[in-house]
Structure formats: C-alpha cells, structure tokens
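**Q** Take a look at my_file_36.cif, mmCIF, C-alpha atoms:
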```cif
data_my_file
loop_
_atom_site.group_PDB
_atom_site.id
_atom_site.type_symbol
_atom_site.label_atom_id
_atom_site.label_comp_id
_atom_site.auth_asym_id
_atom_site.auth_seq_id
_atom_site.Cartn_x
_atom_site.Cartn_y
_atom_site.Cartn_z
ATOM 1 C CA MET D 1 0.000 0.000 0.000
ATOM 2 C CA ALA D 2 1.388 3.429 -0.959
ATOM 3 C CA GLU D 3 2.537 5.779 1.766
ATOM 4 C CA PRO D 4 0.032 8.569 2.475
ATOM 5 C CA MET D 5 0.850 12.083 1.325
ATOM 6 C CA ARG D 6 1.194 14.563 4.161
ATOM 7 C CA GLN D 7 1.250 18.345 4.413
ATOM 8 C CA ARG D 8 1.414 20.652 7.398
ATOM 9 C CA LEU D 9 0.514 24.318 7.292
ATOM 10 C CA VAL D 10 0.625 27.171 9.747
ATOM 11 C CA LEU D 11 -1.989 29.712 8.733
ATOM 12 C CA PRO D 12 -0.971 33.358 8.602
ATOM 13 C CA ARG D 13 -3.250 35.885 10.292
ATOM 14 C CA VAL D 14 -4.403 37.456 7.044
ATOM 15 C CA ALA D 15 -7.764 37.860 5.328
ATOM 16 C CA ARG D 16 -8.970 34.644 3.711
ATOM 17 C CA ALA D 17 -6.283 32.554 5.414
ATOM 18 C CA GLU D 18 -8.842 29.762 5.682
ATOM 19 C CA LEU D 19 -8.769 29.410 1.900
ATOM 20 C CA ILE D 20 -5.079 28.536 2.026
ATOM 21 C CA ALA D 21 -5.998 25.383 3.940
ATOM 22 C CA GLY D 22 -9.035 24.759 1.749
ATOM 23 C CA ASP D 23 -7.002 25.042 -1.431
ATOM 24 C CA ALA D 24 -4.265 22.794 -0.001
ATOM 25 C CA VAL D 25 -6.684 19.991 0.861
ATOM 26 C CA GLU D 26 -8.272 20.323 -2.566
ATOM 27 C CA GLU D 27 -4.887 20.003 -4.274
ATOM 28 C CA LEU D 28 -3.723 17.082 -2.130
ATOM 29 C CA GLY D 29 -7.014 15.246 -2.564
ATOM 30 C CA ARG D 30 -6.899 15.744 -6.306
ATOM 31 C CA ARG D 31 -3.430 14.192 -6.410
ATOM 32 C CA VAL D 32 -4.649 10.988 -4.759
ATOM 33 C CA GLY D 33 -7.811 10.801 -6.846
ATOM 34 C CA VAL D 34 -10.552 12.000 -4.508
ATOM 35 C CA PRO D 35 -13.576 12.996 -6.651
ATOM 36 C CA ARG D 36 -14.116 16.708 -7.236
ATOM 37 C CA ASP D 37 -17.513 16.947 -5.554
ATOM 38 C CA THR D 38 -16.225 15.147 -2.465
ATOM 39 C CA LEU D 39 -13.258 17.516 -2.381
ATOM 40 C CA ALA D 40 -15.527 20.555 -2.513
ATOM 41 C CA GLU D 41 -17.337 19.300 0.594
ATOM 42 C CA VAL D 42 -14.087 18.563 2.432
ATOM 43 C CA LYS D 43 -12.793 21.990 1.449
ATOM 44 C CA LEU D 44 -15.810 23.682 3.024
ATOM 45 C CA ALA D 45 -15.466 21.641 6.233
ATOM 46 C CA VAL D 46 -11.775 22.568 6.465
ATOM 47 C CA VAL D 47 -12.541 26.233 5.769
ATOM 48 C CA GLU D 48 -15.110 26.194 8.593
ATOM 49 C CA ALA D 49 -12.742 24.542 11.068
ATOM 50 C CA CYS D 50 -10.048 27.098 10.194
ATOM 51 C CA LEU D 51 -12.466 30.025 10.495
ATOM 52 C CA ASN D 52 -13.396 28.881 14.005
ATOM 53 C CA ALA D 53 -9.752 28.457 14.951
ATOM 54 C CA LEU D 54 -8.771 31.838 13.527
ATOM 55 C CA GLU D 55 -11.695 33.641 15.142
ATOM 56 C CA TYR D 56 -11.928 31.989 18.544
ATOM 57 C CA GLY D 57 -8.556 30.308 18.962
ATOM 58 C CA GLY D 58 -5.282 31.879 19.851
ATOM 59 C CA GLY D 59 -1.673 31.467 18.856
ATOM 60 C CA GLU D 60 -0.783 29.581 15.723
ATOM 61 C CA VAL D 61 -3.442 27.771 13.745
ATOM 62 C CA GLU D 62 -1.965 24.568 12.401
ATOM 63 C CA VAL D 63 -3.477 22.343 9.735
ATOM 64 C CA GLU D 64 -2.349 18.769 9.192
ATOM 65 C CA LEU D 65 -3.451 17.101 5.983
ATOM 66 C CA VAL D 66 -3.087 13.417 5.190
ATOM 67 C CA ALA D 67 -4.214 11.964 1.873
ATOM 68 C CA HIS D 68 -4.385 8.182 1.885
ATOM 69 C CA ARG D 69 -3.683 6.528 -1.446
ATOM 70 C CA ASP D 70 -5.750 3.399 -0.894
ATOM 71 C CA GLU D 71 -7.908 1.806 -3.559
ATOM 72 C CA ALA D 72 -10.614 4.187 -2.400
ATOM 73 C CA PRO D 73 -8.578 7.283 -1.458
ATOM 74 C CA TRP D 74 -9.530 9.147 1.703
ATOM 75 C CA LEU D 75 -8.603 12.304 3.551
ATOM 76 C CA GLU D 76 -7.764 13.055 7.125
ATOM 77 C CA VAL D 77 -7.465 16.651 8.334
ATOM 78 C CA ALA D 78 -6.698 18.104 11.730
ATOM 79 C CA VAL D 79 -7.024 21.787 12.608
ATOM 80 C CA VAL D 80 -5.282 22.810 15.800
ATOM 81 C CA ASP D 81 -5.379 26.074 17.716
ATOM 82 C CA HIS D 82 -4.108 27.252 21.077
ATOM 83 C CA GLY D 83 -7.025 29.359 22.256
ATOM 84 C CA PRO D 84 -9.132 29.093 25.402
ATOM 85 C CA GLY D 85 -10.941 25.982 24.192
ATOM 86 C CA PHE D 86 -14.647 25.180 24.169
ATOM 87 C CA ASN D 87 -17.059 22.414 25.004
ATOM 88 C CA PRO D 88 -18.533 21.108 21.744
ATOM 89 C CA GLU D 89 -21.505 19.718 23.663
ATOM 90 C CA ASP D 90 -22.435 23.290 24.628
ATOM 91 C CA GLN D 91 -22.805 24.374 21.011
ATOM 92 C CA PRO D 92 -26.490 24.407 20.046
ATOM 93 C CA ARG D 93 -27.416 22.888 16.701
ATOM 94 C CA PRO D 94 -28.676 25.661 14.424
ATOM 95 C CA VAL D 95 -32.320 25.630 13.363
ATOM 96 C CA LEU D 96 -33.138 27.718 10.334
ATOM 97 C CA ALA D 97 -36.591 28.828 11.480
ATOM 98 C CA ALA D 98 -35.093 30.199 14.691
ATOM 99 C CA LYS D 99 -32.073 31.756 12.963
ATOM 100 C CA LEU D 100 -34.300 33.632 10.525
ATOM 101 C CA HIS D 101 -35.790 35.673 13.337
ATOM 102 C CA ALA D 102 -32.690 35.848 15.510
ATOM 103 C CA LEU D 103 -30.324 38.769 15.664
ATOM 104 C CA ARG D 104 -27.369 36.389 15.430
ATOM 105 C CA LYS D 105 -27.648 34.261 12.334
ATOM 106 C CA ARG D 106 -24.226 32.672 12.609
ATOM 107 C CA GLY D 107 -23.407 29.321 14.197
ATOM 108 C CA TRP D 108 -23.537 26.963 11.199
ATOM 109 C CA GLY D 109 -19.850 26.017 11.053
ATOM 110 C CA LEU D 110 -19.759 23.040 13.391
ATOM 111 C CA GLU D 111 -22.996 21.656 11.981
ATOM 112 C CA LEU D 112 -21.618 21.820 8.446
ATOM 113 C CA ILE D 113 -18.378 20.141 9.510
ATOM 114 C CA ARG D 114 -20.270 17.298 11.171
ATOM 115 C CA ARG D 115 -22.620 16.795 8.238
ATOM 116 C CA LEU D 116 -20.019 17.052 5.479
ATOM 117 C CA MET D 117 -17.414 14.740 6.983
ATOM 118 C CA ASP D 118 -17.697 11.039 7.834
ATOM 119 C CA GLU D 119 -15.962 11.279 11.203
ATOM 120 C CA VAL D 120 -15.324 14.316 13.403
ATOM 121 C CA GLU D 121 -13.484 14.222 16.690
ATOM 122 C CA ILE D 122 -13.080 17.341 18.802
ATOM 123 C CA THR D 123 -10.765 17.526 21.750
ATOM 124 C CA SER D 124 -10.504 20.825 23.537
ATOM 125 C CA ARG D 125 -8.987 22.208 26.685
ATOM 126 C CA PRO D 126 -7.488 25.607 27.497
ATOM 127 C CA GLY D 127 -4.494 26.057 25.240
ATOM 128 C CA LEU D 128 -5.206 23.235 22.810
ATOM 129 C CA THR D 129 -8.186 22.554 20.579
ATOM 130 C CA ARG D 130 -7.949 19.920 17.883
ATOM 131 C CA ILE D 131 -10.641 19.106 15.343
ATOM 132 C CA ARG D 132 -9.833 15.905 13.484
ATOM 133 C CA MET D 133 -11.951 15.084 10.456
ATOM 134 C CA ILE D 134 -12.071 12.127 8.099
ATOM 135 C CA ARG D 135 -13.779 11.884 4.750
ATOM 136 C CA ARG D 136 -13.824 8.679 2.774
ATOM 137 C CA THR D 137 -14.348 8.658 -0.951
ATOM 138 C CA GLY D 138 -17.988 8.657 -1.820
ATOM 139 C CA GLY D 139 -18.893 8.856 1.870
ATOM 140 C CA GLN D 140 -22.339 10.189 2.878
ATOM 141 C CA MET S 1 -7.829 32.807 -4.482
ATOM 142 C CA GLU S 2 -11.340 33.399 -5.675
ATOM 143 C CA THR S 3 -12.125 37.027 -6.516
ATOM 144 C CA PHE S 4 -15.620 38.100 -5.550
ATOM 145 C CA GLU S 5 -17.842 39.858 -8.072
ATOM 146 C CA LEU S 6 -21.488 40.838 -7.915
ATOM 147 C CA ARG S 7 -23.588 42.216 -10.755
ATOM 148 C CA THR S 8 -27.292 42.908 -11.093
ATOM 149 C CA VAL S 9 -27.719 41.680 -14.644
ATOM 150 C CA GLN S 10 -31.453 41.868 -15.079
ATOM 151 C CA ARG S 11 -34.175 44.041 -13.633
ATOM 152 C CA GLN S 12 -37.654 43.444 -14.929
ATOM 153 C CA GLY S 13 -40.608 44.706 -12.958
ATOM 154 C CA GLU S 14 -40.374 43.283 -9.473
ATOM 155 C CA LEU S 15 -37.744 40.714 -10.471
ATOM 156 C CA ALA S 16 -33.987 41.177 -10.262
ATOM 157 C CA VAL S 17 -31.259 38.717 -11.184
ATOM 158 C CA LEU S 18 -27.921 38.969 -9.394
ATOM 159 C CA GLU S 19 -24.893 37.127 -10.727
ATOM 160 C CA VAL S 20 -22.472 36.190 -7.997
ATOM 161 C CA ALA S 21 -18.929 35.007 -8.671
ATOM 162 C CA GLY S 22 -16.246 33.864 -6.255
ATOM 163 C CA TYR S 23 -15.993 33.186 -2.539
ATOM 164 C CA ILE S 24 -18.996 34.287 -0.478
ATOM 165 C CA ASN S 25 -17.490 35.163 2.894
ATOM 166 C CA ASN S 26 -18.157 38.155 5.152
ATOM 167 C CA GLU S 27 -17.237 40.676 2.451
ATOM 168 C CA GLY S 28 -19.087 38.920 -0.353
ATOM 169 C CA GLY S 29 -22.087 38.318 1.870
ATOM 170 C CA GLU S 30 -22.163 41.996 2.920
ATOM 171 C CA ALA S 31 -22.059 43.066 -0.724
ATOM 172 C CA ILE S 32 -24.964 40.778 -1.596
ATOM 173 C CA ALA S 33 -26.949 41.912 1.458
ATOM 174 C CA SER S 34 -26.382 45.560 0.609
ATOM 175 C CA GLU S 35 -27.413 45.157 -3.045
ATOM 176 C CA ALA S 36 -30.441 43.068 -2.068
ATOM 177 C CA ARG S 37 -31.510 45.670 0.487
ATOM 178 C CA ALA S 38 -31.332 48.399 -2.154
ATOM 179 C CA LEU S 39 -33.317 46.336 -4.647
ATOM 180 C CA LEU S 40 -36.010 45.452 -2.106
ATOM 181 C CA ASP S 41 -36.219 49.074 -0.952
ATOM 182 C CA GLY S 42 -36.561 50.029 -4.616
ATOM 183 C CA GLY S 43 -39.612 47.827 -5.061
ATOM 184 C CA CYS S 44 -38.155 44.474 -6.122
ATOM 185 C CA ARG S 45 -39.991 41.531 -4.636
ATOM 186 C CA THR S 46 -38.284 38.583 -6.341
ATOM 187 C CA LEU S 47 -34.533 38.183 -6.141
ATOM 188 C CA LEU S 48 -32.766 35.446 -8.093
ATOM 189 C CA LEU S 49 -29.149 34.802 -7.146
ATOM 190 C CA ASP S 50 -27.310 33.003 -9.943
ATOM 191 C CA LEU S 51 -24.394 31.181 -8.312
ATOM 192 C CA HIS S 52 -22.931 29.499 -11.400
ATOM 193 C CA ALA S 53 -19.540 31.093 -10.764
ATOM 194 C CA THR S 54 -19.516 30.543 -6.993
ATOM 195 C CA ARG S 55 -17.804 27.430 -5.672
ATOM 196 C CA ILE S 56 -17.786 28.068 -1.938
ATOM 197 C CA ILE S 57 -19.917 29.884 0.633
ATOM 198 C CA ASN S 58 -18.660 29.923 4.185
ATOM 199 C CA SER S 59 -20.862 30.051 7.279
ATOM 200 C CA ILE S 60 -20.463 33.824 7.649
ATOM 201 C CA GLY S 61 -21.611 34.255 4.046
ATOM 202 C CA ILE S 62 -24.513 31.939 4.843
ATOM 203 C CA SER S 63 -25.568 34.078 7.799
ATOM 204 C CA LEU S 64 -25.625 37.145 5.555
ATOM 205 C CA LEU S 65 -27.711 35.326 2.953
ATOM 206 C CA LEU S 66 -30.129 34.571 5.799
ATOM 207 C CA GLU S 67 -30.412 38.317 6.436
ATOM 208 C CA VAL S 68 -31.393 38.727 2.786
ATOM 209 C CA LEU S 69 -33.902 35.918 3.144
ATOM 210 C CA GLU S 70 -35.389 37.422 6.304
ATOM 211 C CA ARG S 71 -35.748 40.842 4.680
ATOM 212 C CA THR S 72 -37.279 39.301 1.545
ATOM 213 C CA LEU S 73 -39.839 37.389 3.594
ATOM 214 C CA GLU S 74 -40.655 40.550 5.555
ATOM 215 C CA VAL S 75 -41.770 42.256 2.341
ATOM 216 C CA LYS S 76 -43.585 39.083 1.262
ATOM 217 C CA GLY S 77 -41.119 38.578 -1.548
ATOM 218 C CA THR S 78 -39.338 35.553 -2.953
ATOM 219 C CA LEU S 79 -35.655 34.707 -2.714
ATOM 220 C CA ALA S 80 -34.417 32.203 -5.252
ATOM 221 C CA PHE S 81 -31.090 30.610 -6.147
ATOM 222 C CA CYS S 82 -29.996 28.850 -9.306
ATOM 223 C CA CYS S 83 -26.981 27.023 -10.747
ATOM 224 C CA LEU S 84 -25.724 25.623 -7.439
ATOM 225 C CA THR S 85 -22.654 23.418 -7.350
ATOM 226 C CA PRO S 86 -23.311 20.053 -5.689
ATOM 227 C CA SER S 87 -21.496 21.144 -2.518
ATOM 228 C CA ILE S 88 -23.464 24.396 -2.242
ATOM 229 C CA ALA S 89 -26.682 22.475 -2.895
ATOM 230 C CA LYS S 90 -25.708 20.129 -0.071
ATOM 231 C CA THR S 91 -24.925 23.070 2.223
ATOM 232 C CA PHE S 92 -28.365 24.543 1.545
ATOM 233 C CA GLN S 93 -29.981 21.137 2.087
ATOM 234 C CA ILE S 94 -28.215 20.757 5.461
ATOM 235 C CA MET S 95 -29.581 24.164 6.457
ATOM 236 C CA GLY S 96 -33.075 23.388 5.238
ATOM 237 C CA LEU S 97 -33.013 26.484 3.031
ATOM 238 C CA GLY S 98 -35.402 24.941 0.508
ATOM 239 C CA GLN S 99 -38.245 25.456 2.990
ATOM 240 C CA TYR S 100 -37.974 29.224 2.633
ATOM 241 C CA ALA S 101 -36.193 29.926 -0.655
ATOM 242 C CA ARG S 102 -36.693 28.607 -4.174
ATOM 243 C CA LEU S 103 -33.883 26.525 -5.656
ATOM 244 C CA PHE S 104 -33.535 25.945 -9.403
ATOM 245 C CA PRO S 105 -31.052 23.963 -11.491
ATOM 246 C CA ASP S 106 -30.525 26.762 -14.050
ATOM 247 C CA ARG S 107 -31.476 30.347 -14.758
ATOM 248 C CA ALA S 108 -33.894 29.567 -17.587
ATOM 249 C CA SER S 109 -36.071 27.315 -15.440
ATOM 250 C CA ALA S 110 -35.886 29.813 -12.578
ATOM 251 C CA LEU S 111 -37.027 32.707 -14.760
ATOM 252 C CA ALA S 112 -39.809 30.651 -16.316
ATOM 253 C CA GLU S 113 -41.126 29.670 -12.888
ATOM 254 C CA LEU S 114 -40.580 33.008 -11.153
ATOM 255 C CA ALA S 115 -42.320 34.908 -13.950
ATOM 256 C CA GLN S 116 -45.493 33.094 -12.912
ATOM 257 C CA VAL S 117 -45.068 34.034 -9.250
ATOM 258 C CA ARG S 118 -45.612 37.731 -9.936
#
```
What is this structure when it is put down as structure tokens?
**A**
Amino acid sequence: MAEPMRQRLVLPRVARAELIAGDAVEELGRRVGVPRDTLAEVKLAVVEACLNALEYGGGEVEVELVAHRDEAPWLEVAVVDHGPGFNPEDQPRPVLAAKLHALRKRGWGLELIRRLMDEVEITSRPGLTRIRMIRRTGGQ
Amino acid sequence: METFELRTVQRQGELAVLEVAGYINNEGGEAIASEARALLDGGCRTLLLDLHATRIINSIGISLLLEVLERTLEVKGTLAFCCLTPSIAKTFQIMGLGQYARLFPDRASALAELAQVR
C-alpha cells in the first residue's frame, strides 16, 4: 500500500487565510484521486474549522493534511489552535426557522463540519483545541 | 484565491437577477446583502441569485444570505437561487433552506417559474 501524502501548514493571520488550507486539501485530494464533488465538501469543512480556529482560537493555527492513497482514497485533516478551548456539547445545533428571526444568524460552522465529513473528533482544553476530520471517498 | 464579483444583470418589474462570482465570505455576503436591500427598498420583490460562478460559501456568508432571506420574507417577496454546485446544494440542504427559498437547477427554469409568481 502506498505511503500517504502529508502536508502541514501554519496559517498566517491574514484575510482569507482559511482558503489557504481549503485550497491545499483540494490540491492534495486531487493528487490521490478523490472525486471533485467530495473535495468541494471537504474543502468547506476545512474552511469552517479554520475560520473557528482563527476567530476563537489563539496562537498559531496549524493544519495537518493526510491523503491516503488506498484503492478508495480518503482524507484526514486536523485543525489545531491554542485558544481558550470550548465544550462542543455546549454548542447548540442551528435551526433555520429560529435563525431567521434571531439577531445572530451565525453558528452553522460546526454543523456543516459534522454533516459534510464522515468522522469528526473534537478535543478541547485551554491552550489546545484539535478538530480531526475524516472523509472517505464517496462517503455520505 | 477566488475574486468576488457581484452584478445585477437583469431588472424586470419586481424581479432582479444577481450574478455572484467567487468566494462568499463576510465581504461577499455583505455586498450581496447591501445590493439586495437596495433592490427590495426600490420595489423588487423577487430576487434570483445566480451562483454558477460561486464554488464556496462559508458560514459567515450563509448568515448574511439569511439576512437577505429574512428581509425578503418581511416584504412578502421571494428569494431564489440557481446554478448551485453540488457542494453548495448540499450546504443549503443541510440548512433546510429549501423550505424558505426557491432553488432551481438553471437560470432559464428559474425565470420561467418566477415569472409566474408575480
């Protein structure tokens, strides 16, 4: 079995930094043969995880990408930040009817990540939050 | 990087068609919200957003599209989208957007259907 392809990024604190990670996962996935539509979904999940890390985290935001070159290629991504941390169980699931009339219409990121990826694991404590996501080819 | 562009390409009676290209983030979403507000204030009641050149909408962009939707519903108008990529269609499906906005595969079918609404 071929060795997986790996890439590690540290995101700069600039506008649209999340797209750097999104573009990188798209490129790596393309190289191992992940279908385009699957890649677009993974890209959005990665963009959302990075946005959360850049907005709420602190210190460096690191992104670890692993593209597995199996018969059915698959992607593994971890986004790490060093902010105060959060309890994912405390995050309410967004409901469109309620959001439409609410002042704050944000809060879709985590829901999108969970629904677009096959596996999502969040570990968080003060100083270290890690969102690890897996998407298998043709998953969902 | 995906450059954002927004153009109102058609204005016919109470219908306006907005072509959106590039990444819809906070800036793109604000631009759409601002243009939509102006169109609704100017009497438009049906807004069609053609997303054929948009490949990604982040959650901040989504929240701003919801502002447009809320404002459109307040004036008893219709917000519609066409030409969605599969990933944007899936994003909208996850949100349940189809309950409140009209979704069409292409602009021609959208215009044919929306012309009957008004």
**Q** Specify as a PyMOL selection string each residue included when the PyMOL selection byres ((chain S and resi 47-51) around 7) is applied to this file.
**A** chain S and resi 15-21+45-46+52-54+78-84+107
**Q** At what distance in Å, to one decimal, does atom CA of Gly77 of chain S lie from atom CA of Ala110 of chain S?
**A** 15.0 Å
**Q** Can you pull out every residue within 8 Å of segment 11-22 of chain D, counting only C-alpha atoms, but drop anything in the same chain fewer than 5 positions away, and send it as a list of chain:residue names?
**A**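 So the residues in contact are D:Lys43, D:Leu44, D:Val46, D:Val47, D:Glu48, D:Cys50, D:Leu51, D:Leu54, D:Glu60, D:Val61, D:Glu62, D:Val63, S:Met1.
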**Q** List the spatial neighbours of Lys99 of chain D as a ChimeraX atom specification - criterion: any atom at most 10 Å away, all atoms listed in the file, same-chain residues fewer than 6 positions off excluded.
**A** /D:105-108 /S:63,66-67,70
**Q** For chain S, list the residues within 8 Å of chain D, counting only C-alpha atoms, and write the list as a list in words.
**A** Met1, Arg55, Ile56, Ile57, Asn58, Ser59, Ile60, Ile62, Ser63, Leu64, Leu66, Glu67, Leu69, Glu70, Pro86, Ser87, Thr91, Ile94, Met95, Gly96 and Leu97 of chain S
**Q** Can you fill out segment 54-80 of chain S with N, CA, C and O atoms and hand it back as a PDB file, keeping the file's coordinate frame?
**A**
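File selection-v3.pdb, as written:
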```pdb
ATOM      1  N   THR S  54     -19.878  30.595  -8.417  1.00  0.00           N
ATOM      2  CA  THR S  54     -19.516  30.543  -6.993  1.00  0.00           C
ATOM      3  C   THR S  54     -19.279  29.101  -6.599  1.00  0.00           C
ATOM      4  O   THR S  54     -20.143  28.253  -6.806  1.00  0.00           O
ATOM      5  N   ARG S  55     -18.115  28.813  -6.037  1.00  0.00           N
ATOM      6  CA  ARG S  55     -17.804  27.430  -5.672  1.00  0.00           C
ATOM      7  C   ARG S  55     -17.835  27.203  -4.169  1.00  0.00           C
ATOM      8  O   ARG S  55     -17.873  26.069  -3.715  1.00  0.00           O
ATOM      9  N   ILE S  56     -17.797  28.279  -3.386  1.00  0.00           N
ATOM     10  CA  ILE S  56     -17.786  28.068  -1.938  1.00  0.00           C
ATOM     11  C   ILE S  56     -18.462  29.246  -1.218  1.00  0.00           C
ATOM     12  O   ILE S  56     -18.247  30.413  -1.572  1.00  0.00           O
ATOM     13  N   ILE S  57     -19.279  28.889  -0.240  1.00  0.00           N
ATOM     14  CA  ILE S  57     -19.917  29.884   0.633  1.00  0.00           C
ATOM     15  C   ILE S  57     -19.588  29.464   2.051  1.00  0.00           C
ATOM     16  O   ILE S  57     -19.917  28.340   2.450  1.00  0.00           O
ATOM     17  N   ASN S  58     -18.955  30.326   2.810  1.00  0.00           N
ATOM     18  CA  ASN S  58     -18.660  29.923   4.185  1.00  0.00           C
ATOM     19  C   ASN S  58     -19.829  30.286   5.111  1.00  0.00           C
ATOM     20  O   ASN S  58     -20.808  30.901   4.695  1.00  0.00           O
ATOM     21  N   SER S  59     -19.716  29.909   6.379  1.00  0.00           N
ATOM     22  CA  SER S  59     -20.862  30.051   7.279  1.00  0.00           C
ATOM     23  C   SER S  59     -21.171  31.514   7.580  1.00  0.00           C
ATOM     24  O   SER S  59     -22.316  31.847   7.921  1.00  0.00           O
ATOM     25  N   ILE S  60     -20.185  32.397   7.442  1.00  0.00           N
ATOM     26  CA  ILE S  60     -20.463  33.824   7.649  1.00  0.00           C
ATOM     27  C   ILE S  60     -21.262  34.349   6.446  1.00  0.00           C
ATOM     28  O   ILE S  60     -22.241  35.090   6.599  1.00  0.00           O
ATOM     29  N   GLY S  61     -20.848  33.916   5.250  1.00  0.00           N
ATOM     30  CA  GLY S  61     -21.611  34.255   4.046  1.00  0.00           C
ATOM     31  C   GLY S  61     -23.039  33.741   4.149  1.00  0.00           C
ATOM     32  O   GLY S  61     -23.998  34.436   3.784  1.00  0.00           O
ATOM     33  N   ILE S  62     -23.182  32.529   4.666  1.00  0.00           N
ATOM     34  CA  ILE S  62     -24.513  31.939   4.843  1.00  0.00           C
ATOM     35  C   ILE S  62     -25.376  32.816   5.749  1.00  0.00           C
ATOM     36  O   ILE S  62     -26.547  33.083   5.462  1.00  0.00           O
ATOM     37  N   SER S  63     -24.786  33.276   6.854  1.00  0.00           N
ATOM     38  CA  SER S  63     -25.568  34.078   7.799  1.00  0.00           C
ATOM     39  C   SER S  63     -26.035  35.379   7.140  1.00  0.00           C
ATOM     40  O   SER S  63     -27.129  35.874   7.427  1.00  0.00           O
ATOM     41  N   LEU S  64     -25.220  35.915   6.244  1.00  0.00           N
ATOM     42  CA  LEU S  64     -25.625  37.145   5.555  1.00  0.00           C
ATOM     43  C   LEU S  64     -26.696  36.866   4.499  1.00  0.00           C
ATOM     44  O   LEU S  64     -27.591  37.695   4.287  1.00  0.00           O
ATOM     45  N   LEU S  65     -26.629  35.699   3.873  1.00  0.00           N
ATOM     46  CA  LEU S  65     -27.711  35.326   2.953  1.00  0.00           C
ATOM     47  C   LEU S  65     -29.024  35.158   3.730  1.00  0.00           C
ATOM     48  O   LEU S  65     -30.103  35.451   3.216  1.00  0.00           O
ATOM     49  N   LEU S  66     -28.914  34.702   4.977  1.00  0.00           N
ATOM     50  CA  LEU S  66     -30.129  34.571   5.799  1.00  0.00           C
ATOM     51  C   LEU S  66     -30.737  35.931   6.112  1.00  0.00           C
ATOM     52  O   LEU S  66     -31.956  36.064   6.233  1.00  0.00           O
ATOM     53  N   GLU S  67     -29.879  36.951   6.245  1.00  0.00           N
ATOM     54  CA  GLU S  67     -30.412  38.317   6.436  1.00  0.00           C
ATOM     55  C   GLU S  67     -31.217  38.738   5.212  1.00  0.00           C
ATOM     56  O   GLU S  67     -32.277  39.364   5.330  1.00  0.00           O
ATOM     57  N   VAL S  68     -30.675  38.401   4.026  1.00  0.00           N
ATOM     58  CA  VAL S  68     -31.393  38.727   2.786  1.00  0.00           C
ATOM     59  C   VAL S  68     -32.715  37.984   2.752  1.00  0.00           C
ATOM     60  O   VAL S  68     -33.766  38.556   2.412  1.00  0.00           O
ATOM     61  N   LEU S  69     -32.671  36.712   3.140  1.00  0.00           N
ATOM     62  CA  LEU S  69     -33.902  35.918   3.144  1.00  0.00           C
ATOM     63  C   LEU S  69     -34.929  36.505   4.116  1.00  0.00           C
ATOM     64  O   LEU S  69     -36.110  36.645   3.783  1.00  0.00           O
ATOM     65  N   GLU S  70     -34.475  36.866   5.299  1.00  0.00           N
ATOM     66  CA  GLU S  70     -35.389  37.422   6.304  1.00  0.00           C
ATOM     67  C   GLU S  70     -36.053  38.704   5.782  1.00  0.00           C
ATOM     68  O   GLU S  70     -37.266  38.882   5.883  1.00  0.00           O
ATOM     69  N   ARG S  71     -35.230  39.562   5.201  1.00  0.00           N
ATOM     70  CA  ARG S  71     -35.748  40.842   4.680  1.00  0.00           C
ATOM     71  C   ARG S  71     -36.731  40.591   3.525  1.00  0.00           C
ATOM     72  O   ARG S  71     -37.755  41.259   3.410  1.00  0.00           O
ATOM     73  N   THR S  72     -36.399  39.612   2.678  1.00  0.00           N
ATOM     74  CA  THR S  72     -37.279  39.301   1.545  1.00  0.00           C
ATOM     75  C   THR S  72     -38.629  38.785   2.040  1.00  0.00           C
ATOM     76  O   THR S  72     -39.684  39.170   1.532  1.00  0.00           O
ATOM     77  N   LEU S  73     -38.585  37.922   3.052  1.00  0.00           N
ATOM     78  CA  LEU S  73     -39.839  37.389   3.594  1.00  0.00           C
ATOM     79  C   LEU S  73     -40.657  38.487   4.271  1.00  0.00           C
ATOM     80  O   LEU S  73     -41.890  38.480   4.207  1.00  0.00           O
ATOM     81  N   GLU S  74     -39.949  39.437   4.894  1.00  0.00           N
ATOM     82  CA  GLU S  74     -40.655  40.550   5.555  1.00  0.00           C
ATOM     83  C   GLU S  74     -41.499  41.352   4.577  1.00  0.00           C
ATOM     84  O   GLU S  74     -42.561  41.861   4.929  1.00  0.00           O
ATOM     85  N   VAL S  75     -41.004  41.479   3.338  1.00  0.00           N
ATOM     86  CA  VAL S  75     -41.770  42.256   2.341  1.00  0.00           C
ATOM     87  C   VAL S  75     -42.635  41.332   1.471  1.00  0.00           C
ATOM     88  O   VAL S  75     -43.094  41.722   0.412  1.00  0.00           O
ATOM     89  N   LYS S  76     -42.788  40.103   1.956  1.00  0.00           N
ATOM     90  CA  LYS S  76     -43.585  39.083   1.262  1.00  0.00           C
ATOM     91  C   LYS S  76     -43.064  38.831  -0.152  1.00  0.00           C
ATOM     92  O   LYS S  76     -43.840  38.652  -1.110  1.00  0.00           O
ATOM     93  N   GLY S  77     -41.758  38.842  -0.267  1.00  0.00           N
ATOM     94  CA  GLY S  77     -41.119  38.578  -1.548  1.00  0.00           C
ATOM     95  C   GLY S  77     -40.623  37.146  -1.641  1.00  0.00           C
ATOM     96  O   GLY S  77     -40.908  36.314  -0.777  1.00  0.00           O
ATOM     97  N   THR S  78     -39.868  36.895  -2.707  1.00  0.00           N
ATOM     98  CA  THR S  78     -39.338  35.553  -2.953  1.00  0.00           C
ATOM     99  C   THR S  78     -37.837  35.651  -3.188  1.00  0.00           C
ATOM    100  O   THR S  78     -37.383  36.459  -3.994  1.00  0.00           O
ATOM    101  N   LEU S  79     -37.089  34.811  -2.457  1.00  0.00           N
ATOM    102  CA  LEU S  79     -35.655  34.707  -2.714  1.00  0.00           C
ATOM    103  C   LEU S  79     -35.410  33.368  -3.395  1.00  0.00           C
ATOM    104  O   LEU S  79     -35.907  32.329  -2.939  1.00  0.00           O
ATOM    105  N   ALA S  80     -34.674  33.428  -4.496  1.00  0.00           N
ATOM    106  CA  ALA S  80     -34.417  32.203  -5.252  1.00  0.00           C
ATOM    107  C   ALA S  80     -32.929  32.110  -5.593  1.00  0.00           C
ATOM    108  O   ALA S  80     -32.233  33.129  -5.678  1.00  0.00           O
TER     109      ALA S  80
END
```
